[in-house]
Every structure is written in C-alpha cells, then in structure tokens.
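J.: One structure is given below, represented as structure tokens, and several questions about it will come after.
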Amino acid sequence: MSVDDDPGDGRVDRVFLTRVIEPGDEIAGRWVREFGVDEVARRLREGGQALPGVSGKRWAGLLARAGRAEPGQDLAVARERGVRFIGPGDAEWPGQLDDLGDARPLGLWVRGLPNLRMWALRSVAVVGARACTEYGAHMAATLAAGLAERGWVVVSGGAYGVDGAAHRGALGAGGATVAVLACGVDRPYPRGHAQLITRIAEQGLVVGELPPGEHPTPSRFVLRNRVIAALTRGAVVVEAAYRSGSLVTARAAQRLGRHTMGVPGPVTSGLSAGVHELLRQDAVLVTDAAEVVELVGDMGELAPDRRGPVLPRDLLDAAARRVLAALPGRGAATADEIARGAQTTSDDAIARLYELRALGYVERHGDGWKLTRQSMISVRGGRHGC
C-alpha cells in the first residue's frame with residue numbers, strides 16, 4: 001500500500017507517524033490537534049518548515065526517521081501477522097484513551113479477535129513488581145482469576161512477576177486478558193514470555209503503540225503505563241518498591257480520575273513499601289476481587305461482609321452465650337457463681353445450663369458445672385483470640 005492508497009481517514013498518515021514519533025510525545029500530539037494528522041505527516045515527509053516547539057536538531061532527527069518510514073509495508077506486515085491498526089474515530093477505538101489529551105496514542109496495533117473498545121469498558125489493570133515474591137504472584141493470580149470469573153477483563157503489561165501472574169490467573173479461569181506491550185505486538189517481550197503472549201493473543205488481546213518489529217526501551221516501558229491506566233476503570237498495584245514502574249501506572253490512573261487500589265503486604269517487605277505509600281495517600285486497600293469490583297463496578301456490585309469463621313457457639317442465643325462464658329476455664333462452678341458471672345438469676349442460669357448440657361457444651365459435677373473438653377477450645381478462643 002502506498003500513501004496514495006490512504007482511504008481518506010488518515011489511517012496511513014497515522015501509521016506513518018507511529019514510526020516517526022515516540023509514544024506519549026505531547027508536542028507531537030499538540031501538532032496533530034492543531035494542524036491535523038495529514039499536515040503533520042506532509043511536513044515530515046517533505047522536509048518542510050519545522051513545526052513549533054522543537055529545536056532544529058530534534059526536527060532533523062524526526063525527518064531522518066520519516067525518510068525511513070514505510071507505512072504501506074508496516075500495514076502489509078501487520079496483516080500477514082494477524083495484526084490490525086485502529087485510530088481515534090474508529091469503531092473499535094476506546095474513547096477513554098482520549099482522556100490522555102495530547103499524550104493520547106496516535107493509534108494502536110492490536111493482535112487478537114475481540115473488540116478492544118468493548119473489552120476496555122469493563123476492565124481493571126493489575127500491575128506490580130517484576131521481581132515479586134511468592135505472595136505477590138499468588139495475590140496477582142488470585143485477584144485476576146476472581147475478576148475474570150466475575151466477567152471483568154484483566155489488563156497488564158506482559159512483564160515478568162506480577163504482570164505474568166495476573167495474565168495467567170485470568171487465562172486459567174477461562175477469562176479475558178489484555179497485554180499492553182512497549183514494543184511491536186508481533187515481537188513478544190520479554191522473550192521468556194513469548195508463549196504466554198502468544199496464548200494471550202489467541203484467547204484475548206495484545207496491544208501496543210509501536211509498529212511491527214519495534215523493540216522496547218526504558219522510556220517506552222514508562223510511557224506504556226499511561227495506556228494501561230487510561231484503558232481501564234482502575235488499577236490495582238500488587239507489590240511495588242518505592243521506585244517501581246507500576247507506581248507510574250497508579251499515579252497516571254489517579255491523574256486520569258481512575259480508581260487506584262493497593263494490595264497490602266508485610267511492613268518489613270521493601271517490595272510492598274511503594275504500595276503502602278499509595279495507601280497512605282489516595283489509594284484504596286483491597287484484598288480480593290470482590291472488593292475491587294465493589295469499587296470499580298456498577299451500583300449494587302457489593303463485596304460480602306467480612307467475618308471470621310462461624311463457630312458452634314455463634315449459633316447460641318445471647319443469654320446462653322453469656323452463661324457459657326461465665327463458666328471457668330478449669331474446674332467447676334456452682335449455678336449461683338455462674339449466675340453472678342452472667343448477670344442473671346440463678347433459675348435462669350440453671351435453665352440455660354441444662355440447654356447447654358443437651359448441646360454438649362457443659363456437664364454437671366455434683367453441685368457444680370464445668371465445660372466439656374469438646375467446648376473448651378471454642379470458649380477459650382472466644383475469650384482470648386487475637
């Protein structure tokens with residue numbers, strides 16, 4: 001396809017610009033907004049007058065890139081590899097990316113069958129440390145599986161550690177997941193995740209701003225995170241040190257008005273220090289998928305009330321529990337002593353004691369009453385449990 005084959009919607013111009021301009025370049029984004037895609041592409045192709053806001057050296061660098069760009073070839077390679085290109089205004093374009101303003105992607109390369117716009121409407125980012133602990137990997141996978149089971153799309157960056165665990169958790173639950181890459185979507189990175197990213201492309205979506213064959217760089221990883229934040233309703237951070245890249249995602253989510261959540265870890269763990277700092281600010285503490293959905297979901301999607309395990313004594317009425325609690329942990333006590341401890345009458349205490357005996361909680365010893373061996377652990381747990 002040549003430039004003359006452009007159907008008129010600026011698609012080829014946008015493909016051309018993804019080869020020339022780095023992701024997240026707000027100066028270039030302002031050019032597109034003020035002059036239009038076609039004019040920016042024309043100036044770069046023809047080596048025309050420099051656009052405002054850049055030095056001569058920078059403009060020369062952009063022209064050098066423009067001279068090597070072949071958008072028709074990029075589109076042909078993409079088609080061969082099952083990749084499509086979408087841009088603002090397309091039916092599949094997720095409108096929430098427009099919240100990025102001039103840092104909005106020029107377009108996205110998408111690998112996979114589902115509709116990105118529809119999936120993004122009900123999605124949550126799960127991100128965190130690459131060198132995560134076993135706890136972090138477990139929490140990421142469990143959260144992602146729970147979200148997938150509730151019909152939510154899990155979005156992450158395809159990296160080692162928390163990202164990979166989140167993708168696997170969603171896939172393992174038979175759910176939907178999206179990997180947003182900092183390189184060409186036909187070039188899985190990291191290489192150790194080639195099989196995982198291929199599986200994501202088969203069951204979900206692999207998305208990126210860079211054209212086929214492009215490699216990742218440190219700055220591209222950082223800028224990729226703004227797309228993860230913008231695509232989703234909220235971001236959950238599972239383990240992050242103070243300088244973790246996942247905190248970039250969380251802060252971008254905060255700036256965009258998305259929900260920001262954190263999974264707490266041990267206070268002695270440096271890998272949780274960044275999460276705890278988020279939680280001290282505006283992030284919300286979450287421990288499972290139900291709590292995430294309660295925050296980002298529709299009205300009525302509430303997390304269940306939290307409580308400890310139901311013990312047999314919980315099924316007793318309040319008066320019987322008071323009498324049971326008044327029995328000593330060791331030895332026996334008279335009905336009068338038990339009544340005083342339960343703040344009731346002797347007759348009421350005796351009646352309750354016979355009920356408790358029928359249920360196996362107490363036994364009679366002469367004139368006294370004592371706990372059965374079966375009930376002692378339960379009663380002690382109620383009195384002294386932490």
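Letters for chains follow the order of the structure tokens (A, B, ...), residue numbers begin at 1 for each chain, and ligand numbers begin at 1 in the order shown.
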Pull the strand (DSSP E) assignments for region 45-125 of chain A out of DSSP run on the backbone, and list those residues as a VMD selection string.
T.: chain A and resid 83 to 86 108 to 111 123 to 125
J.: Per residue of region 85-125 of chain A within 7 Å of region 229-242 of chain A, what are the shortest atom pair and its distance in Å to one decimal, counting only C-alpha atoms, with rows by chain and residue number, as JSON lines?
T.:
{"residue": "A:Gln96", "atom": "CA", "partner": "A:Leu231", "partner_atom": "CA", "distance": 6.2}
{"residue": "A:Leu97", "atom": "CA", "partner": "A:Ala230", "partner_atom": "CA", "distance": 5.4}
{"residue": "A:Ala120", "atom": "CA", "partner": "A:Leu231", "partner_atom": "CA", "distance": 5.8}
{"residue": "A:Ser123", "atom": "CA", "partner": "A:Thr232", "partner_atom": "CA", "distance": 5.0}
{"residue": "A:Val124", "atom": "CA", "partner": "A:Thr232", "partner_atom": "CA", "distance": 5.1}
{"residue": "A:Ala125", "atom": "CA", "partner": "A:Ala235", "partner_atom": "CA", "distance": 4.5}
J.: Given only C-alpha atoms as the basis, pick out the residue of A:Ala333, A:Ala319, A:Ile197, A:Met118 nearest to Pro94 (chain A).
T.: A:Met118
J.: So that I can check the surroundings of region 365-372 of chain A, please list as a ChimeraX atom specification every protein, DNA and RNA residue that reaches within 12 Å of it, counting only C-alpha atoms and ignoring chain neighbours fewer than 2 positions away.
T.: /A:323-339,349-350,352-354,356-363,374-380
J.: Residues near Pro88 (chain A), anyone? I mean within 8 Å using only C-alpha atoms, not counting same-chain ones fewer than 4 positions away, as an NGL selection string.
T.: :A and (93 or 95 or 106-107)
J.: Restricted to C-alpha atoms, what would the selected residues look like written as a PDB file, in the first residue's frame?
T.:
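Output saved as out-v9.pdb:
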ATOM      1  CA  TRP A  93     -11.180   2.882  19.442  1.00  0.00           C
ATOM      2  CA  GLY A  95     -12.876   6.531  23.933  1.00  0.00           C
ATOM      3  CA  LEU A 106      -1.608   8.207  17.590  1.00  0.00           C
ATOM      4  CA  GLY A 107      -3.117   4.777  17.099  1.00  0.00           C
TER       5      GLY A 107
END
J.: Just checking: using only C-alpha atoms, which residue out of A:Ala66, A:Gly48, A:Glu26, A:Val263 ends up closest to Ala137 (chain A)?
T.: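 Smallest distance to Ala137 (chain A) is found for A:Val263.
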